[in-house]
Structure formats: structure tokens, C-alpha cells
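For reference, input-v5.txt is printed below; it contains compact mmCIF, C-alpha atoms.
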# COMPACT_ATOMS: atom_id res chain seq x y z
CA MET O 1 -7.55 -42.77 -12.86
CA THR O 2 -9.77 -45.31 -14.57
CA PRO O 3 -13.27 -46.39 -13.55
CA HIS O 4 -13.26 -49.05 -10.86
CA VAL O 5 -16.00 -51.08 -12.54
CA VAL O 6 -16.19 -52.90 -15.83
CA PRO O 7 -18.59 -51.00 -18.13
CA ASP O 8 -22.06 -52.50 -17.78
CA PRO O 9 -24.63 -50.63 -19.90
CA GLN O 10 -27.37 -53.09 -18.97
CA ALA O 11 -26.92 -52.32 -15.26
CA GLY O 12 -26.93 -48.62 -16.06
CA ALA O 13 -30.17 -48.96 -17.97
CA ALA O 14 -31.75 -50.75 -15.00
CA VAL O 15 -30.65 -48.00 -12.61
CA LYS O 16 -32.08 -45.33 -14.89
CA ALA O 17 -35.35 -47.23 -15.37
CA ALA O 18 -35.86 -47.50 -11.60
CA ASP O 19 -35.04 -43.83 -11.22
CA ARG O 20 -37.54 -42.80 -13.86
CA ALA O 21 -40.20 -45.04 -12.34
CA HIS O 22 -39.88 -43.94 -8.72
CA VAL O 23 -37.58 -40.95 -8.03
CA PHE O 24 -39.08 -37.46 -8.02
CA HIS O 25 -36.25 -35.02 -8.76
CA SER O 26 -35.84 -31.53 -7.36
CA TRP O 27 -36.16 -28.36 -9.47
CA SER O 28 -37.23 -30.35 -12.53
CA ALA O 29 -40.09 -31.01 -14.91
CA GLN O 30 -40.08 -34.75 -14.35
CA GLY O 31 -40.89 -35.74 -17.92
CA LEU O 32 -38.18 -33.54 -19.45
CA ILE O 33 -35.09 -34.80 -17.62
CA ASP O 34 -32.68 -37.62 -18.36
CA PRO O 35 -30.51 -38.20 -15.27
CA LEU O 36 -27.11 -39.78 -15.82
CA ALA O 37 -26.75 -43.14 -14.08
CA VAL O 38 -23.55 -42.91 -12.03
CA ALA O 39 -21.56 -46.06 -11.34
CA GLY O 40 -18.88 -44.64 -9.08
CA ALA O 41 -16.72 -41.72 -8.04
CA GLU O 42 -13.32 -41.03 -6.52
CA GLY O 43 -11.38 -37.86 -5.93
CA SER O 44 -12.29 -35.26 -8.56
CA TYR O 45 -13.91 -37.73 -10.98
CA PHE O 46 -17.05 -39.81 -11.44
CA TRP O 47 -18.06 -42.25 -14.15
CA ASP O 48 -21.13 -43.84 -15.66
CA TYR O 49 -22.02 -47.45 -16.48
CA ASP O 50 -20.72 -47.06 -20.03
CA GLY O 51 -17.24 -46.28 -18.66
CA ASN O 52 -17.34 -42.56 -19.49
CA ARG O 53 -15.34 -40.60 -16.94
CA TYR O 54 -16.02 -36.97 -16.04
CA LEU O 55 -13.91 -34.42 -14.22
CA ASP O 56 -16.41 -32.91 -11.78
CA PHE O 57 -16.17 -29.12 -11.93
CA THR O 58 -19.33 -28.88 -9.78
CA SER O 59 -18.11 -30.69 -6.63
CA GLY O 60 -21.52 -32.35 -6.49
CA LEU O 61 -23.48 -29.21 -5.61
CA VAL O 62 -20.33 -27.38 -4.50
CA TYR O 63 -19.86 -29.59 -1.45
CA THR O 64 -17.32 -32.35 -2.11
CA ASN O 65 -14.54 -30.04 -0.93
CA ILE O 66 -12.14 -32.95 -0.38
CA GLY O 67 -13.39 -34.94 -3.36
CA TYR O 68 -15.29 -38.20 -3.48
CA GLN O 69 -14.58 -41.23 -1.29
CA HIS O 70 -11.69 -39.88 0.77
CA PRO O 71 -10.52 -43.03 2.57
CA ARG O 72 -10.04 -41.38 5.98
CA VAL O 73 -13.57 -40.02 6.03
CA VAL O 74 -15.07 -43.27 4.77
CA ALA O 75 -13.18 -45.12 7.52
CA ALA O 76 -14.37 -42.65 10.16
CA ILE O 77 -18.00 -43.19 9.17
CA GLN O 78 -17.53 -46.96 9.26
CA LYS O 79 -15.86 -46.79 12.68
CA GLN O 80 -18.62 -44.59 14.09
CA ALA O 81 -21.31 -46.88 12.68
CA ALA O 82 -19.76 -49.82 14.53
CA LYS O 83 -19.64 -47.81 17.77
CA LEU O 84 -22.88 -45.78 17.85
CA THR O 85 -24.85 -45.39 14.66
CA THR O 86 -27.39 -42.86 15.95
CA PHE O 87 -28.60 -41.17 19.11
CA ALA O 88 -31.15 -38.49 19.99
CA PRO O 89 -29.93 -34.87 19.97
CA ALA O 90 -30.80 -34.12 23.62
CA PHE O 91 -27.81 -36.16 24.85
CA ALA O 92 -24.11 -35.34 25.01
CA ILE O 93 -22.32 -37.54 22.48
CA ASP O 94 -18.53 -37.48 22.14
CA VAL O 95 -18.36 -37.16 18.36
CA ARG O 96 -21.05 -34.46 18.35
CA SER O 97 -19.17 -32.44 20.93
CA GLU O 98 -15.90 -32.86 19.04
CA ALA O 99 -17.43 -31.74 15.75
CA ALA O 100 -18.87 -28.65 17.44
CA ARG O 101 -15.51 -27.87 19.04
CA LEU O 102 -13.58 -28.18 15.80
CA ILE O 103 -16.06 -25.98 13.94
CA ALA O 104 -16.13 -23.35 16.70
CA GLU O 105 -12.33 -23.20 16.69
CA ARG O 106 -12.42 -22.10 13.05
CA THR O 107 -15.33 -19.67 13.03
CA PRO O 108 -14.46 -15.99 13.43
CA GLY O 109 -14.94 -14.04 16.65
CA ASP O 110 -17.08 -15.50 19.42
CA LEU O 111 -19.25 -17.79 17.29
CA ASP O 112 -18.59 -20.59 19.73
CA LYS O 113 -21.96 -22.32 20.11
CA ILE O 114 -23.07 -24.67 17.33
CA PHE O 115 -26.65 -25.68 16.57
CA PHE O 116 -26.62 -28.64 14.20
CA THR O 117 -29.08 -29.14 11.35
CA ASN O 118 -29.35 -31.58 8.45
CA GLY O 119 -28.32 -29.05 5.81
CA GLY O 120 -28.02 -25.44 4.74
CA ALA O 121 -31.70 -24.54 4.32
CA GLU O 122 -32.52 -25.70 7.85
CA ALA O 123 -29.53 -23.74 9.11
CA VAL O 124 -30.95 -20.58 7.54
CA GLU O 125 -34.43 -21.34 8.93
CA ASN O 126 -33.04 -21.59 12.45
CA ALA O 127 -30.69 -18.61 12.16
CA VAL O 128 -33.63 -16.41 11.17
CA ARG O 129 -35.75 -17.83 13.99
CA MET O 130 -32.98 -17.06 16.47
CA ALA O 131 -32.63 -13.52 15.16
CA ARG O 132 -36.36 -12.86 15.38
CA LEU O 133 -36.62 -14.20 18.91
CA HIS O 134 -33.47 -12.38 20.02
CA THR O 135 -34.67 -9.00 18.72
CA GLY O 136 -38.43 -9.35 19.08
CA ARG O 137 -38.71 -8.11 15.48
CA HIS O 138 -39.98 -9.89 12.38
CA LYS O 139 -38.62 -8.46 9.11
CA VAL O 140 -35.51 -9.88 7.48
CA LEU O 141 -33.60 -8.20 4.65
CA SER O 142 -32.02 -10.32 1.94
CA ALA O 143 -30.39 -9.59 -1.39
CA PHE O 144 -31.49 -10.14 -4.94
CA ARG O 145 -29.07 -12.53 -6.67
CA SER O 146 -28.92 -14.89 -3.70
CA TYR O 147 -29.83 -18.42 -2.71
CA HIS O 148 -30.52 -19.50 0.86
CA GLY O 149 -32.35 -22.83 0.53
CA ALA O 150 -35.69 -24.39 -0.34
CA THR O 151 -37.50 -24.64 3.00
CA SER O 152 -40.26 -22.14 3.75
CA THR O 153 -38.33 -19.19 5.17
CA ALA O 154 -35.15 -19.93 3.23
CA ILE O 155 -36.89 -19.96 -0.14
CA ASN O 156 -38.63 -16.67 0.64
CA LEU O 157 -35.23 -15.17 1.48
CA THR O 158 -33.81 -16.39 -1.83
CA GLY O 159 -33.35 -13.78 -4.54
CA ASP O 160 -33.48 -15.90 -7.69
CA PRO O 161 -36.41 -17.32 -9.72
CA ARG O 162 -36.59 -20.53 -7.73
CA ARG O 163 -38.40 -18.44 -5.12
CA TRP O 164 -41.24 -17.31 -7.36
CA ALA O 165 -43.48 -20.37 -7.15
CA SER O 166 -43.40 -20.39 -3.34
CA ASP O 167 -43.29 -16.65 -2.57
CA THR O 168 -46.50 -15.54 -0.86
CA GLY O 169 -45.19 -12.04 -0.15
CA SER O 170 -46.10 -12.53 3.51
CA ALA O 171 -42.95 -13.98 5.05
CA GLY O 172 -41.60 -10.71 6.43
CA VAL O 173 -38.83 -10.58 3.82
CA VAL O 174 -37.61 -7.35 2.22
CA ARG O 175 -35.11 -7.56 -0.64
CA PHE O 176 -32.39 -5.10 -1.60
CA TRP O 177 -29.59 -4.86 -4.17
CA ALA O 178 -26.19 -6.04 -3.03
CA PRO O 179 -23.08 -4.82 -4.90
CA PHE O 180 -22.19 -6.35 -8.27
CA LEU O 181 -20.02 -3.99 -10.27
CA TYR O 182 -20.13 -5.90 -13.56
CA ARG O 183 -23.92 -5.46 -13.69
CA SER O 184 -24.20 -2.56 -11.27
CA PRO O 185 -27.72 -1.50 -10.28
CA PHE O 186 -26.16 1.75 -9.05
CA TYR O 187 -24.51 2.89 -12.31
CA ALA O 188 -21.13 2.67 -10.60
CA THR O 189 -17.89 2.48 -12.53
CA THR O 190 -15.49 1.66 -9.68
CA GLU O 191 -15.53 -0.70 -6.71
CA GLU O 192 -15.43 2.32 -4.40
CA GLN O 193 -18.56 3.79 -5.99
CA GLU O 194 -20.33 0.43 -5.96
CA CYS O 195 -19.59 -0.08 -2.27
CA GLU O 196 -20.62 3.44 -1.26
CA ARG O 197 -23.84 3.40 -3.29
CA ALA O 198 -24.81 -0.12 -2.22
CA LEU O 199 -24.42 0.79 1.45
CA ALA O 200 -26.44 4.00 0.95
CA HIS O 201 -29.17 1.99 -0.79
CA LEU O 202 -29.25 -0.53 2.06
CA GLU O 203 -29.48 2.20 4.69
CA ASP O 204 -32.27 3.92 2.75
CA THR O 205 -34.15 0.62 2.58
CA ILE O 206 -33.82 0.22 6.34
CA ALA O 207 -34.98 3.79 6.96
CA PHE O 208 -38.13 3.37 4.85
CA GLU O 209 -38.93 -0.08 6.27
CA GLY O 210 -38.45 1.09 9.85
CA PRO O 211 -35.26 0.04 11.66
CA ALA O 212 -37.20 -1.09 14.73
CA THR O 213 -39.09 -3.65 12.61
CA ILE O 214 -36.01 -5.40 11.19
CA ALA O 215 -34.63 -8.47 12.94
CA ALA O 216 -31.80 -9.42 10.60
CA ILE O 217 -29.89 -8.85 7.41
CA ILE O 218 -28.74 -12.06 5.73
CA LEU O 219 -26.06 -12.17 3.04
CA GLU O 220 -24.04 -14.90 1.42
CA THR O 221 -20.50 -13.80 2.24
CA VAL O 222 -19.63 -14.52 -1.38
CA PRO O 223 -22.84 -15.31 -3.30
CA GLY O 224 -22.53 -18.78 -4.83
CA THR O 225 -25.15 -20.05 -7.24
CA ALA O 226 -26.12 -16.46 -8.06
CA GLY O 227 -22.75 -15.76 -9.63
CA ILE O 228 -19.76 -15.75 -7.24
CA MET O 229 -19.75 -11.96 -6.89
CA THR O 230 -17.04 -11.11 -4.36
CA PRO O 231 -18.19 -7.99 -2.48
CA PRO O 232 -16.01 -4.89 -2.87
CA PRO O 233 -13.62 -3.91 -0.08
CA GLY O 234 -15.45 -2.28 2.79
CA TYR O 235 -18.95 -3.50 1.94
CA LEU O 236 -19.38 -6.24 4.54
CA ALA O 237 -17.72 -4.07 7.18
CA GLY O 238 -20.21 -1.37 6.23
CA VAL O 239 -23.13 -3.77 6.65
CA ARG O 240 -21.73 -4.79 10.02
CA ALA O 241 -21.66 -1.14 11.09
CA ILE O 242 -25.24 -0.56 9.89
CA CYS O 243 -26.45 -3.60 11.83
CA ASP O 244 -24.71 -2.35 14.96
CA ARG O 245 -26.24 1.10 14.54
CA TYR O 246 -29.82 -0.22 14.42
CA GLY O 247 -29.59 -3.30 16.62
CA ILE O 248 -30.06 -5.64 13.64
CA VAL O 249 -28.65 -9.18 13.69
CA PHE O 250 -26.07 -9.74 10.94
CA VAL O 251 -26.28 -13.24 9.45
CA LEU O 252 -23.66 -14.53 7.02
CA ASP O 253 -24.59 -17.56 4.93
CA GLU O 254 -21.41 -19.62 4.42
CA VAL O 255 -23.18 -22.79 3.31
CA MET O 256 -21.35 -22.75 -0.03
CA ALA O 257 -18.42 -20.40 0.63
CA GLY O 258 -17.27 -22.03 3.88
CA PHE O 259 -14.77 -24.76 4.72
CA GLY O 260 -11.96 -23.87 2.35
CA ARG O 261 -13.91 -23.05 -0.78
CA THR O 262 -12.52 -19.50 -1.05
CA GLY O 263 -9.05 -20.35 0.21
CA LYS O 264 -9.95 -19.56 3.84
CA TRP O 265 -11.78 -21.67 6.38
CA PHE O 266 -14.61 -19.16 6.07
CA ALA O 267 -14.98 -16.44 3.45
CA ALA O 268 -15.61 -13.86 6.21
CA GLU O 269 -11.88 -14.02 6.96
CA HIS O 270 -11.16 -12.28 3.65
CA PHE O 271 -13.10 -9.24 4.86
CA ASP O 272 -12.17 -9.20 8.57
CA VAL O 273 -15.81 -9.20 9.60
CA VAL O 274 -17.62 -11.16 12.30
CA PRO O 275 -21.38 -11.77 11.98
CA ASP O 276 -23.77 -12.51 14.84
CA LEU O 277 -24.86 -15.78 13.25
CA MET O 278 -23.18 -17.87 10.55
CA THR O 279 -24.77 -20.75 8.68
CA PHE O 280 -22.77 -23.66 7.27
CA ALA O 281 -23.26 -27.07 5.61
CA LYS O 282 -21.90 -28.69 2.42
CA GLY O 283 -18.10 -28.63 2.87
CA VAL O 284 -18.23 -29.21 6.64
CA ASN O 285 -17.98 -32.93 5.86
CA SER O 286 -17.73 -32.85 2.07
CA GLY O 287 -21.37 -33.88 1.89
CA TYR O 288 -20.64 -37.47 2.87
CA VAL O 289 -23.51 -37.51 5.38
CA PRO O 290 -26.04 -34.62 5.51
CA LEU O 291 -24.99 -31.97 8.05
CA GLY O 292 -25.37 -28.24 8.51
CA GLY O 293 -25.62 -25.79 11.33
CA VAL O 294 -25.61 -22.33 12.83
CA ALA O 295 -22.59 -20.85 14.61
CA ILE O 296 -23.98 -18.54 17.29
CA SER O 297 -22.46 -15.51 19.03
CA ALA O 298 -22.26 -15.32 22.80
CA GLU O 299 -24.87 -12.56 22.98
CA ILE O 300 -27.49 -14.44 20.99
CA ALA O 301 -26.72 -17.74 22.72
CA ALA O 302 -27.30 -15.99 26.08
CA THR O 303 -30.84 -15.13 24.99
CA PHE O 304 -31.65 -18.81 25.40
CA ASP O 305 -29.83 -19.47 28.67
CA LYS O 306 -33.07 -19.37 30.67
CA ARG O 307 -35.53 -19.25 27.80
CA PRO O 308 -36.04 -22.46 25.82
CA TYR O 309 -35.11 -22.27 22.17
CA PRO O 310 -38.25 -23.35 20.26
CA GLY O 311 -36.63 -25.41 17.57
CA GLY O 312 -35.06 -28.78 16.97
CA LEU O 313 -34.51 -31.62 14.54
CA THR O 314 -34.70 -35.38 15.07
CA TYR O 315 -31.28 -35.87 13.46
CA SER O 316 -29.54 -32.76 14.80
CA GLY O 317 -25.87 -33.61 15.25
CA HIS O 318 -26.29 -37.13 13.88
CA PRO O 319 -23.28 -39.21 15.00
CA LEU O 320 -22.43 -40.44 11.49
CA ALA O 321 -22.56 -36.92 10.09
CA CYS O 322 -20.49 -35.56 12.95
CA ALA O 323 -17.90 -38.33 12.57
CA ALA O 324 -17.61 -37.36 8.90
CA ALA O 325 -17.18 -33.71 9.92
CA VAL O 326 -14.45 -34.48 12.43
CA ALA O 327 -12.56 -36.59 9.90
CA THR O 328 -13.03 -34.02 7.12
CA ILE O 329 -11.70 -31.16 9.23
CA GLN O 330 -8.74 -33.28 10.29
CA VAL O 331 -8.02 -34.20 6.66
CA MET O 332 -8.23 -30.55 5.65
CA GLU O 333 -5.74 -29.64 8.37
CA ASP O 334 -3.31 -32.50 7.74
CA GLU O 335 -3.39 -32.19 3.96
CA LYS O 336 -3.49 -28.37 4.01
CA VAL O 337 -6.56 -28.33 1.79
CA VAL O 338 -7.47 -24.73 2.60
CA GLU O 339 -3.99 -23.52 1.70
CA HIS O 340 -4.06 -25.65 -1.45
CA ALA O 341 -7.39 -24.11 -2.55
CA ALA O 342 -5.92 -20.63 -2.16
CA ARG O 343 -2.81 -21.60 -4.11
CA ILE O 344 -4.60 -23.41 -6.95
CA GLY O 345 -6.88 -20.42 -7.38
CA GLU O 346 -4.00 -17.97 -7.45
CA THR O 347 -1.63 -19.93 -9.66
CA VAL O 348 -3.78 -22.12 -11.94
CA LEU O 349 -7.53 -21.49 -11.98
CA GLY O 350 -7.49 -17.70 -11.84
CA PRO O 351 -4.74 -17.16 -14.45
CA GLY O 352 -6.10 -19.94 -16.65
CA LEU O 353 -9.67 -18.63 -16.65
CA ARG O 354 -8.53 -15.07 -17.33
CA GLU O 355 -6.46 -16.34 -20.25
CA LEU O 356 -9.58 -18.04 -21.64
CA ALA O 357 -11.46 -14.75 -21.28
CA GLU O 358 -8.86 -12.99 -23.41
CA ARG O 359 -9.31 -15.49 -26.26
CA HIS O 360 -13.03 -16.18 -26.17
CA PRO O 361 -15.53 -13.47 -27.13
CA SER O 362 -18.23 -15.25 -25.10
CA VAL O 363 -16.48 -14.63 -21.76
CA GLY O 364 -17.50 -11.25 -20.39
CA GLU O 365 -15.99 -11.48 -16.91
CA VAL O 366 -14.05 -13.88 -14.70
CA ARG O 367 -14.75 -13.70 -10.96
CA GLY O 368 -13.58 -15.71 -7.98
CA THR O 369 -10.96 -16.89 -5.56
CA GLY O 370 -9.70 -20.23 -4.25
CA ALA O 371 -11.71 -23.06 -5.83
CA PHE O 372 -14.70 -20.75 -6.37
CA TRP O 373 -14.92 -19.14 -9.84
CA ALA O 374 -17.53 -17.99 -12.34
CA LEU O 375 -17.42 -17.10 -16.02
CA ASP O 376 -20.10 -14.61 -17.06
CA LEU O 377 -20.94 -15.56 -20.65
CA VAL O 378 -22.15 -12.83 -22.99
CA ARG O 379 -23.28 -12.21 -26.56
CA ASN O 380 -21.24 -9.03 -26.71
CA LYS O 381 -18.37 -7.98 -24.45
CA GLU O 382 -19.06 -4.29 -24.99
CA THR O 383 -22.78 -4.32 -24.17
CA ARG O 384 -22.45 -7.21 -21.66
CA GLU O 385 -25.68 -8.71 -22.97
CA PRO O 386 -25.97 -12.16 -21.36
CA LEU O 387 -25.49 -15.14 -23.66
CA VAL O 388 -29.04 -16.20 -22.75
CA PRO O 389 -31.86 -14.15 -21.19
CA TYR O 390 -32.46 -14.17 -17.45
CA ASN O 391 -34.06 -17.46 -16.37
CA ALA O 392 -34.10 -18.72 -19.97
CA THR O 393 -35.60 -22.11 -20.80
CA GLY O 394 -36.14 -24.17 -23.92
CA GLU O 395 -34.92 -22.69 -27.20
CA ALA O 396 -33.94 -19.42 -25.49
CA ASN O 397 -31.41 -21.37 -23.45
CA ALA O 398 -29.97 -23.23 -26.47
CA PRO O 399 -26.53 -21.52 -26.40
CA MET O 400 -25.88 -22.58 -22.80
CA ALA O 401 -27.23 -26.07 -23.49
CA ALA O 402 -24.83 -26.39 -26.41
CA PHE O 403 -21.95 -25.20 -24.23
CA GLY O 404 -22.83 -27.77 -21.57
CA ALA O 405 -23.04 -30.60 -24.06
CA ALA O 406 -19.65 -29.66 -25.48
CA ALA O 407 -18.08 -29.65 -22.02
CA LYS O 408 -19.41 -33.14 -21.29
CA LYS O 409 -18.19 -34.35 -24.69
CA HIS O 410 -14.69 -33.30 -23.59
CA GLY O 411 -14.96 -35.12 -20.25
CA LEU O 412 -15.93 -32.17 -18.02
CA TRP O 413 -19.11 -32.03 -15.96
CA PRO O 414 -19.89 -28.29 -15.80
CA PHE O 415 -21.78 -26.16 -13.29
CA ILE O 416 -24.20 -24.03 -15.32
CA ASN O 417 -26.66 -21.44 -14.04
CA MET O 418 -28.40 -19.04 -16.42
CA ASN O 419 -25.66 -17.37 -18.52
CA ARG O 420 -22.78 -18.53 -16.34
CA THR O 421 -20.56 -21.50 -15.90
CA HIS O 422 -18.82 -21.91 -12.57
CA ALA O 423 -15.43 -23.54 -12.05
CA VAL O 424 -15.90 -25.08 -8.61
CA PRO O 425 -13.82 -28.29 -8.43
CA ALA O 426 -12.83 -30.04 -5.23
CA CYS O 427 -10.68 -27.80 -3.05
CA ASN O 428 -7.90 -30.40 -3.27
CA VAL O 429 -8.06 -30.64 -7.07
CA SER O 430 -4.56 -31.26 -8.42
CA GLU O 431 -2.79 -28.87 -10.75
CA ALA O 432 -2.99 -31.44 -13.54
CA GLU O 433 -6.73 -31.92 -12.99
CA ALA O 434 -7.33 -28.16 -12.93
CA LYS O 435 -5.47 -27.77 -16.22
CA GLU O 436 -7.47 -30.66 -17.69
CA GLY O 437 -10.63 -28.80 -16.73
CA LEU O 438 -9.38 -25.57 -18.26
CA ALA O 439 -8.62 -27.37 -21.54
CA ALA O 440 -12.14 -28.80 -21.66
CA LEU O 441 -13.61 -25.37 -20.92
CA ASP O 442 -11.49 -23.94 -23.73
CA ALA O 443 -13.06 -26.38 -26.19
CA ALA O 444 -16.60 -25.86 -24.89
CA LEU O 445 -16.30 -22.07 -24.97
CA SER O 446 -15.59 -22.28 -28.69
CA VAL O 447 -19.18 -23.51 -29.00
CA ALA O 448 -20.44 -20.58 -26.90
CA ASP O 449 -18.44 -18.22 -29.12
CA GLU O 450 -20.64 -19.24 -32.07
CA HIS O 451 -23.55 -17.38 -30.40
CA THR O 452 -21.77 -14.05 -29.90
CA ALA O 453 -22.43 -10.95 -31.93

Can I see the file as C-alpha cells?
Amino acid sequence: MTPHVVPDPQAGAAVKAADRAHVFHSWSAQGLIDPLAVAGAEGSYFWDYDGNRYLDFTSGLVYTNIGYQHPRVVAAIQKQAAKLTTFAPAFAIDVRSEAARLIAERTPGDLDKIFFTNGGAEAVENAVRMARLHTGRHKVLSAFRSYHGATSTAINLTGDPRRWASDTGSAGVVRFWAPFLYRSPFYATTEEQECERALAHLEDTIAFEGPATIAAIILETVPGTAGIMTPPPGYLAGVRAICDRYGIVFVLDEVMAGFGRTGKWFAAEHFDVVPDLMTFAKGVNSGYVPLGGVAISAEIAATFDKRPYPGGLTYSGHPLACAAAVATIQVMEDEKVVEHAARIGETVLGPGLRELAERHPSVGEVRGTGAFWALDLVRNKETREPLVPYNATGEANAPMAAFGAAAKKHGLWPFINMNRTHAVPACNVSEAEAKEGLAALDAALSVADEHTA
């Protein structure tokens, strides 16, 4: 594929100048960033105004599950705009109902009622509100090494440093350690030990906090930005059993892991577990129009049969977003995107990344499934010392910055968080594109290798 525009550096400079003059960017020191001016995108690629093309191994922010500009989804949005561009959420709208039906058909168990939001953070906000109202309790347990969004409750539930500036310590959130064998907080040496000790730790936390005070436990089914740490066999089933024992609502956050990312419609299918509430966003419509939501169990939905639910959003179930969701789900079915993600992970990404780990001293561990992988970069494979310190910035982060620059030089736009790079391409990435990405990673990892001991 070649860029669909003639290189125009002057236009790119104008775009960047307007951005720098007026756009306030998230998670950034405004005077220290230099955003790339993007001219276009299609499939697994995007390009700038200088004609440089990049293979996107970030899927935007891990949401373009069917790639950029899929013609069927673009056409569906255009068709819906001509028919009914917007309408208030209190009404029954055909495309809204159809999107809810298609989502409910794919969620596990009896999660058959769908509350629509504009994105993942709002989905988490409303899931927690539902759990608190359903139980009459206030505390919510969430894991370190997690991300649940940037709105008030969601950021307090988050277990990474982005929470620190907004954490008042008064949001009713209690954090615990979820399993992560490679950097085990439980001194475990096997998955079985990690699972057993993590569950014991969680139950101890509940006992000391008071089970009758806890409304919900929220977990990312497979934590995303925090490192793609697939939980050991039996862990999520164990959490489900603990929740049942104490009357606690079990919330699974599938905002990043859902809609084919792990090679299943939802990652919960890998573990044969059904939560009480499940949040989603991102891949539900490949991010083409903002959409998220909460899939709700019959028991929790019944709580609000006669009692009004005190929550809502002006754009809940927006017709354009729902039309994009309907088309995306249909594309994923017709083109077998979920099956493709599973296959590309098993036959290309997984083997290719593990082969890189064997050759590069900077790769401590490879983790993942489907189109959802992480490389844990280290200074020393034996000690597992991270390539950069936790939450490193400036000069301390120089090794990862050099790795990222090398990846871009070789035509790959990488997903980088702390000492990790994630391989999270579109779920329909071709075998040739995946191998192209692996080759670029191979070259960039040689730069990371220069910082190992």
C-alpha cells in the first residue's frame, strides 16, 4: 500500500502549527510533545504529510480491531447519517436496538441488557454505580497494574501512576495484587502457586476490609496497558467463587481485551467465567465513532425494574456509533476476524516474538494471545531488572525512547509503556504485515540490547 495523498510538507506543518496553538493533549506536558501530523490511514497503516508510512502496532489505542477505514463500516456510518444522524437516548431507535442485540448475543451467560456509554471510562463509572446501588455497599476492590479510565471513579480504580495526581484516597477503592508470575508479589515459582497465593491474598484483603462493606471487585480480564498478563488457570474462576461467597458483584473490564483482541469475542471465554457486569468499548466498532457500554446480568438489571437507574448520558447509544458497531460486528463475523486473530497469534505473532526473545538479551518475557502481546524488556534476563525504572521519565527513560525511535525509523509505530513494548496490531492484520512488524521489532530490539548488562 502507498499513501493516498501526494506528500505535502507545507500542509503538514500547518496542521501541526494549529495543533500546537489550540489542542490540549491528554497525559502530556504540553510544551514537551511533538505530535505527528497524520495525513491518512487505511487497514494496518497510516502515513504523514511527508509520505512516511507506518505499520501501526498500536491499533490506535488498541481499538482499530478491523483496521482503519474499513469500507463497509464507513458506508454504514454514511447511510445512517443520511437516515437519522442523532436522537435522544430515551427513545427506541432501530440501530440502537440492533447494536444491543448483537452485543448481547456475544457476551457470556445472561449479560443480555446493554447500557450504552461514550467510551470505556464511562462504562466503568456506570458499572461501579450499578454495583453499589445493587448491593447497598460502597467499597470496590481493584488491582495494582491495571487501567480502568480517566473519569473520577475510573481513575481512582486504576492501579498505575496515572492515578496518582487525582487520587484523593476517599473514593472507596481498595487495591490488591493480582497474579503476575514473572514479577510475582507472592514469591511463587509456578502458575499453580501464583493462583493459589493470589486468591488467598484477595480473600484476606476482603476479610480485613469487611465483606459486608464491599460492593464489587473489578478486574481487567487480561490486563492491557499494564502489561498483558494473562491470569493463571483457575484464578478468575476463583474470584468468581469468592464474589459468590460474599455477595460481591464481579465486574470484568473488557474495554481493551474484548471484541476479538484475544482471539475470542470476549477474553472471559478463555476462562469459562461469567461476571455480573462487563464493560466494553474500543473494538466494539473499531473506534470509528465513540461508543462503550455495560453488559448487565439479569439479576442486576432486575434491581432497576421498578427503581429508576440514576445515570445517563446525552449521547448514550448514539445512532452513528451504533451503526458503526452493527457494521463492525457483521464484518467480524463475515470475515472471521476473531478466528483470524486467534490464528495469527498462534502461528505468526507468538512464535515470532518468542524467537526474538531467544536472540535478544533485552527481552525478558513474551506474553499474550491473539493480537494481544507484550514484550517485557530488561537489563538482565537473570535478575529481570526492567530496562528502565518504574514510571521512568527523561534521561532515565532513554533506553525505551531509543528503542521507540528505532522502531519508527524502520516503519513501525510501537506501543510503549514503561519497560514494555506491546504488539497489538489490528485483529485482521495479514501474515505479511505481521512479519513486517516482527522484522522492524527485531531491528529496534538491537538498540535496546545496547542497554543490557

Atom pair CA of Val38 in chain O + CA of Leu412 in chain O, distance 14.5 Å

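One finds CA of Leu141 in chain O at 26.8 Å from CA of Ala392 in chain O.
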
So how many Å separate CA of Phe266 in chain O and CA of Arg106 in chain O, to one decimal? 7.9 Å

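Nearest to Met130 in chain O of all the residues O:Ala216, O:Ala41, O:Gly260, O:Lys306 is O:Ala216, based on only C-alpha atoms.
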
Closest to Met400 in chain O among O:Asp376, O:Glu433, O:Glu125, O:Glu269, using all atoms listed in the file?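 Of O:Asp376, O:Glu433, O:Glu125, O:Glu269, the one nearest Met400 in chain O is O:Asp376, counting all atoms listed in the file.
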
Report as an mmCIF file with C-alpha atoms, keeping the file's coordinate frame all protein, DNA and RNA residues lying within 12 Å of Leu202 in chain O, evaluated on all atoms listed in the file, omitting residues in the same chain fewer than 6 positions from it.
data_model
loop_
_atom_site.group_PDB
_atom_site.id
_atom_site.type_symbol
_atom_site.label_atom_id
_atom_site.label_comp_id
_atom_site.auth_asym_id
_atom_site.auth_seq_id
_atom_site.Cartn_x
_atom_site.Cartn_y
_atom_site.Cartn_z
ATOM 1 C CA LEU O 141 -33.600 -8.200 4.650
ATOM 2 C CA SER O 142 -32.020 -10.320 1.940
ATOM 3 C CA ALA O 143 -30.390 -9.590 -1.390
ATOM 4 C CA VAL O 174 -37.610 -7.350 2.220
ATOM 5 C CA ARG O 175 -35.110 -7.560 -0.640
ATOM 6 C CA PHE O 176 -32.390 -5.100 -1.600
ATOM 7 C CA TRP O 177 -29.590 -4.860 -4.170
ATOM 8 C CA ALA O 178 -26.190 -6.040 -3.030
ATOM 9 C CA PRO O 179 -23.080 -4.820 -4.900
ATOM 10 C CA PHE O 186 -26.160 1.750 -9.050
ATOM 11 C CA CYS O 195 -19.590 -0.080 -2.270
ATOM 12 C CA GLU O 196 -20.620 3.440 -1.260
ATOM 13 C CA PHE O 208 -38.130 3.370 4.850
ATOM 14 C CA GLU O 209 -38.930 -0.080 6.270
ATOM 15 C CA PRO O 211 -35.260 0.040 11.660
ATOM 16 C CA ILE O 217 -29.890 -8.850 7.410
ATOM 17 C CA TYR O 235 -18.950 -3.500 1.940
ATOM 18 C CA LEU O 236 -19.380 -6.240 4.540
ATOM 19 C CA GLY O 238 -20.210 -1.370 6.230
ATOM 20 C CA VAL O 239 -23.130 -3.770 6.650
ATOM 21 C CA ARG O 240 -21.730 -4.790 10.020
ATOM 22 C CA ALA O 241 -21.660 -1.140 11.090
ATOM 23 C CA ILE O 242 -25.240 -0.560 9.890
ATOM 24 C CA CYS O 243 -26.450 -3.600 11.830
#

Write out as an MDAnalysis selection string the residues lying within 8 Å of Lys435 in chain O, counting only C-alpha atoms and excluding same-chain residues fewer than 4 positions away. chainID O and resid 348:349 352 431 439

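When all atoms listed in the file are used to measure the gap to Asp276 in chain O, the shortest distance among O:Thr328, O:Thr383, O:Thr230, O:Thr107 belongs to O:Thr107.
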